[in-house]
Amino acid sequence: MIESVIFDFDGLIRDTETFEFYSFQELLKEYDVELPLELYSARIGGHSTLFDPYEYLQTKLGKTLNRELLRERRRERYRELIFHQKTRPGVLNYLKEAKKLGLKIGLASSAPREWILPNLEELELTEYFSCIRTHEDVKHVKPDPALYQQVLTAFNVEAQHAIGFEDSPNGAKAAKAAGMFCVIVPNELTKNLHFEHYDLRLDSMLDMDFSTLLGLFCRS
């Protein structure tokens, strides 16, 4: 029986990942440098230090640049791109149904808390999550399972009674390593990446209503 659902944030609830990539891509293109997704994807859903676009740009140009200026320009472009992007289709329906059914709803994100909380507040989703674990709560972020394990411990729920919702290979690895079921809902950026292990793939949460999805795992 499923007792808990735990959601990733970036790229799953709000497609920040796609537009962050676009903002980096546009920045590097100003210097006639292409940003390959196969390199950039190492940081998606995991630790941002796994690939540093600013360092990549400097290496390609063979010179040192003003990183603070680059960051500000990139962030400004990101803000412009993300402005009209709210929750991904179907997310709110899933949260409402999970809450209605009395499931414990958690959030496990590799991003910093100072990033996650303002986004949740802007989207008016904070009330749905009774446990939020972020970058600061663990020594190792995804693909390490620690974030999910902390939420499970807080809920006093065994892993086999929980479903993790993810959009990235790093996130899916973390959920499965924690012993949970994993539903992946890739976004525009991650849909062509290789996912090793998961239990169900949806193109959108609109593809299957929450009660139907829950029934699949209740029979597992």
# chains A, B, ... in the order shown; residues from 1 in each chain; ligands from 1
call {"tool": "residues_around", "arguments": {"residues": "region 65-82 of chain A", "least_positions_apart": "5", "cutoff": "10 Å", "atoms": "only C-alpha atoms", "output": "number ranges by chain"}}
result
A: 14-28, 54-55, 57-58
call {"tool": "residues_around", "arguments": {"residues": "region 89-99 of chain A", "least_positions_apart": "4", "cutoff": "8 Å", "atoms": "only C-alpha atoms", "output": "number ranges by chain"}}
result
A: 5, 13, 103-105, 128, 204-206, 209-211
call {"tool": "write_last_selection", "arguments": {"atoms": "N, CA and C atoms", "output": "mmCIF file, in the first residue's frame"}}
result
data_model
loop_
_atom_site.group_PDB
_atom_site.id
_atom_site.type_symbol
_atom_site.label_atom_id
_atom_site.label_comp_id
_atom_site.auth_asym_id
_atom_site.auth_seq_id
_atom_site.Cartn_x
_atom_site.Cartn_y
_atom_site.Cartn_z
ATOM 1 N N VAL A 5 4.054 10.030 -1.175
ATOM 2 C CA VAL A 5 4.591 10.407 -2.478
ATOM 3 C C VAL A 5 5.594 11.533 -2.252
ATOM 4 N N ILE A 13 8.259 19.773 -11.009
ATOM 5 C CA ILE A 13 7.133 20.616 -10.623
ATOM 6 C C ILE A 13 7.104 21.878 -11.479
ATOM 7 N N LEU A 103 -2.367 10.998 1.796
ATOM 8 C CA LEU A 103 -0.990 10.532 1.667
ATOM 9 C C LEU A 103 -0.023 11.578 2.227
ATOM 10 N N LYS A 104 1.100 11.114 2.706
ATOM 11 C CA LYS A 104 2.150 12.021 3.177
ATOM 12 C C LYS A 104 2.917 12.516 1.960
ATOM 13 N N ILE A 105 2.971 13.826 1.810
ATOM 14 C CA ILE A 105 3.579 14.415 0.615
ATOM 15 C C ILE A 105 4.890 15.106 0.990
ATOM 16 N N TYR A 128 1.229 22.012 0.454
ATOM 17 C CA TYR A 128 1.079 20.591 0.133
ATOM 18 C C TYR A 128 2.178 19.719 0.747
ATOM 19 N N SER A 204 3.656 13.357 -19.384
ATOM 20 C CA SER A 204 3.036 14.422 -18.616
ATOM 21 C C SER A 204 2.163 13.775 -17.548
ATOM 22 N N MET A 205 1.957 14.473 -16.437
ATOM 23 C CA MET A 205 1.053 13.959 -15.424
ATOM 24 C C MET A 205 -0.398 14.004 -15.897
ATOM 25 N N LEU A 206 -0.638 14.653 -17.021
ATOM 26 C CA LEU A 206 -1.975 14.632 -17.609
ATOM 27 C C LEU A 206 -2.249 13.310 -18.325
ATOM 28 N N ASP A 209 -4.409 9.834 -14.655
ATOM 29 C CA ASP A 209 -4.856 10.490 -13.425
ATOM 30 C C ASP A 209 -4.227 9.803 -12.219
ATOM 31 N N PHE A 210 -4.163 10.527 -11.114
ATOM 32 C CA PHE A 210 -3.406 10.067 -9.960
ATOM 33 C C PHE A 210 -3.959 8.775 -9.376
ATOM 34 N N SER A 211 -5.258 8.640 -9.302
ATOM 35 C CA SER A 211 -5.852 7.444 -8.712
ATOM 36 C C SER A 211 -5.516 6.198 -9.532
#
call {"tool": "closest_residue", "arguments": {"among": "A:Leu200, A:Ile163, A:Leu107, A:Leu189", "to": "Pro36 (chain A)", "atoms": "only C-alpha atoms"}}
result
A:Leu189
call {"tool": "residues_around", "arguments": {"residues": "Gln160 (chain A)", "least_positions_apart": "4", "cutoff": "9 Å", "atoms": "only C-alpha atoms", "output": "ChimeraX atom specification"}}
result
/A:1-2,179-181
call {"tool": "closest_residue", "arguments": {"among": "A:Glu30, A:Glu3, A:Asp8, A:Asp144", "to": "Leu120 (chain A)", "atoms": "only C-alpha atoms"}}
result
A:Asp8
call {"tool": "closest_residue", "arguments": {"among": "A:Ala108, A:Leu214, A:Asp167, A:Ile44", "to": "Lys191 (chain A)", "atoms": "only C-alpha atoms"}}
result
A:Asp167
